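Notes follow once the structure below has been shown.
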Amino acid sequence: MASTHLGLDGEPVPGAYFVRTAEGPDSSEFHSTLHSQGAWQPGEQHMAAASGLLIHEIERRHPREDVAISRISFDILGVIHGGRFTVETAVLRPGRTIELIEATLAHDGRAAIRARVWRLVLGDTADLAGADLPSLPPPAESRPSDVMTSVWAGGFIASLDALPAGDGEPGVGRIWLRHRHPLVLDEPSPGIAPVMGLVDVANGIALKLDPHEYLYPNVDLDVHLFRTPAAGMLGIEARVSIGPDGRGLTSSVLHDQEGPFGTAAQSLTVRDRP
């Protein structure tokens, strides 16, 4: 399998982050496009785009209207190479009220990301609903900005609309984001996959360290949801903490235009940039 994004060599870029390479509901092979290119190295995929695709495939292959995602745990097992790759899913723990599903992205037979998703049966708790989390200023109060592309390279970051949500400070970032392209060419993503395909950007919006001097990629992404986010823009308030021994943590509150709907956490490995 070649490690080249479609569009990287000057040919037209397909209008999506990924292209399914064979037709049919059982096809599990994809090819990345330049729009999915990562920010650390040009031959890599961005974790945000790849994580959105994993949720796209879980929702497509295992549809259920009576359950909703409560937690998503992504482990990054190695470099997420661009080019051709596969996504496989499996139900690890079937159940009427609680269900655990796994999705694995692999390149040349080597797993690069493994996601595990808990889905819980829906119930009526409207009378109990509430969250003690502050909301972000709405997108209507912000203007488009180059706040992301002025710091980060790569096709994925370039494919986003970014609206700063209030003033930032070192180690704290607040922003609204949305994709300009669908996850998979000619395929709708009616569930939460498009929103989940933005969450990993959190580690890049709260600049505590200069990415030209330090590397601080995340090795995981854990998302917890207490309600289903609405389609559209994702708001992120992210805070970065750096420890004394090479470890870091990005902690985020996730928002749609109705308010907070969940949290995310990313473990960071921090080191000098060669």
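Order determines the names: the first chain of the structure tokens is A, the second B, and so forth; residues in each chain are numbered 1 upward, and ligands are numbered 1 upward as they are shown.
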Could you pull out the strand (DSSP E) residues of segment 169-263 of chain A from DSSP and send them as a ChimeraX atom specification?
/A:172-179,214-215,220-225,234-242,247-256,259-263
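Contact shell of segment 52-67 of chain A at 8 Å (only C-alpha atoms; same-chain neighbours under 5 positions omitted): Val87, Thr89, Thr97, Ile101, Ala103, Thr104, Leu105, Ala115, Arg119, Leu120, Val121, Leu122, Leu183, Val184, Ser189, Gly191, Ile192, Ala193, Pro194, Val195, Met196, Gly197 and Leu198 of chain A.
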Quick one: write out the picked residues with C-alpha atoms as a compact mmCIF listing (two decimals), in the first residue's frame?
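Now in again_9.txt:
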# COMPACT_ATOMS: atom_id res chain seq x y z
CA VAL A 87 -11.34 -0.11 8.90
CA THR A 89 -15.54 -3.19 13.30
CA THR A 97 -29.38 -1.80 27.03
CA ILE A 101 -18.24 -1.89 19.79
CA ALA A 103 -13.26 -0.31 15.36
CA THR A 104 -9.69 -0.71 14.12
CA LEU A 105 -7.87 1.30 11.45
CA ALA A 115 -11.51 2.69 19.14
CA ARG A 119 -23.62 2.75 23.57
CA LEU A 120 -26.40 3.01 26.16
CA VAL A 121 -30.15 2.57 25.74
CA LEU A 122 -32.11 5.82 25.51
CA LEU A 183 -15.83 12.41 5.75
CA VAL A 184 -16.28 9.91 2.90
CA SER A 189 -22.71 10.87 7.82
CA GLY A 191 -24.85 10.61 13.06
CA ILE A 192 -22.24 12.24 15.29
CA ALA A 193 -19.26 11.16 13.20
CA PRO A 194 -18.66 14.63 11.64
CA VAL A 195 -18.59 16.24 15.08
CA MET A 196 -16.33 13.52 16.49
CA GLY A 197 -14.08 14.09 13.48
CA LEU A 198 -13.11 17.47 14.95
Can you list every residue of segment 9-118 of chain A that has an atom at most 10 Å from segment 158-163 of chain A, with its nearest atom pair and the distance in Å to one decimal, using only C-alpha atoms, ordered by chain then number, as JSON lines?
{"residue": "A:Ala16", "atom": "CA", "partner": "A:Ser159", "partner_atom": "CA", "distance": 9.8}
{"residue": "A:Tyr17", "atom": "CA", "partner": "A:Ser159", "partner_atom": "CA", "distance": 9.3}
{"residue": "A:Leu34", "atom": "CA", "partner": "A:Ser159", "partner_atom": "CA", "distance": 9.4}
{"residue": "A:His35", "atom": "CA", "partner": "A:Ser159", "partner_atom": "CA", "distance": 6.1}
{"residue": "A:Ser36", "atom": "CA", "partner": "A:Ser159", "partner_atom": "CA", "distance": 8.4}
{"residue": "A:Gln37", "atom": "CA", "partner": "A:Ala158", "partner_atom": "CA", "distance": 9.3}
{"residue": "A:Ala39", "atom": "CA", "partner": "A:Ala158", "partner_atom": "CA", "distance": 9.8}
Take the residues that were just selected and, keeping N, CA, C and O atoms, output them as a compact mmCIF listing (two decimals), in the first residue's frame.
# COMPACT_ATOMS: atom_id res chain seq x y z
N ALA A 16 -13.54 15.25 -0.27
CA ALA A 16 -13.84 14.54 0.96
C ALA A 16 -12.51 14.21 1.64
O ALA A 16 -11.44 14.33 1.03
N TYR A 17 -12.59 13.77 2.89
CA TYR A 17 -11.38 13.39 3.62
C TYR A 17 -10.91 11.99 3.24
O TYR A 17 -9.71 11.70 3.30
N LEU A 34 -5.71 14.55 0.53
CA LEU A 34 -4.89 15.61 1.10
C LEU A 34 -5.62 16.34 2.22
O LEU A 34 -5.00 16.89 3.13
N HIS A 35 -6.97 16.34 2.17
CA HIS A 35 -7.73 17.03 3.21
C HIS A 35 -7.58 16.37 4.58
O HIS A 35 -7.88 17.00 5.60
N SER A 36 -7.13 15.12 4.62
CA SER A 36 -6.95 14.43 5.91
C SER A 36 -5.52 14.50 6.42
O SER A 36 -5.21 13.91 7.46
N GLN A 37 -4.66 15.22 5.73
CA GLN A 37 -3.24 15.25 6.07
C GLN A 37 -2.99 15.84 7.46
O GLN A 37 -3.58 16.85 7.85
N ALA A 39 -0.78 17.36 10.89
CA ALA A 39 -0.05 18.60 11.12
C ALA A 39 1.41 18.38 11.48
O ALA A 39 2.22 19.29 11.35
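Using only C-alpha atoms for every distance, the candidate list A:Asp75, A:Glu29, A:Asp127, A:Glu237 yields A:Glu29 as the residue closest to Gly109 of chain A.
When only C-alpha atoms are used to measure the gap to Phe226 of chain A, the shortest distance among A:Ala48, A:Leu209, A:Val13, A:Ile69 belongs to A:Ile69.
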For segment 139-156 of chain A, find every residue with an atom within 10 Å (counting only C-alpha atoms), except residues of its own chain fewer than 2 positions away, and show them as a PyMOL selection string.
chain A and resi 5+8+17+33-49+136-137+158-166+175-177+179-180+198+201+204-205+207+210-212+233-235+256-257
Using only C-alpha atoms, determine which residues lie at most 6 Å from Arg273 of chain A, disregarding the query and same-chain residues fewer than 3 positions distant; provide the list as a ChimeraX atom specification.
/A:213-215
Excluding Ala265 of chain A and any residue of its chain fewer than 2 positions from it, enumerate the residues within 8 Å of it, using only C-alpha atoms, and give them as a PyMOL selection string.
chain A and resi 221-223+249-252+263+267
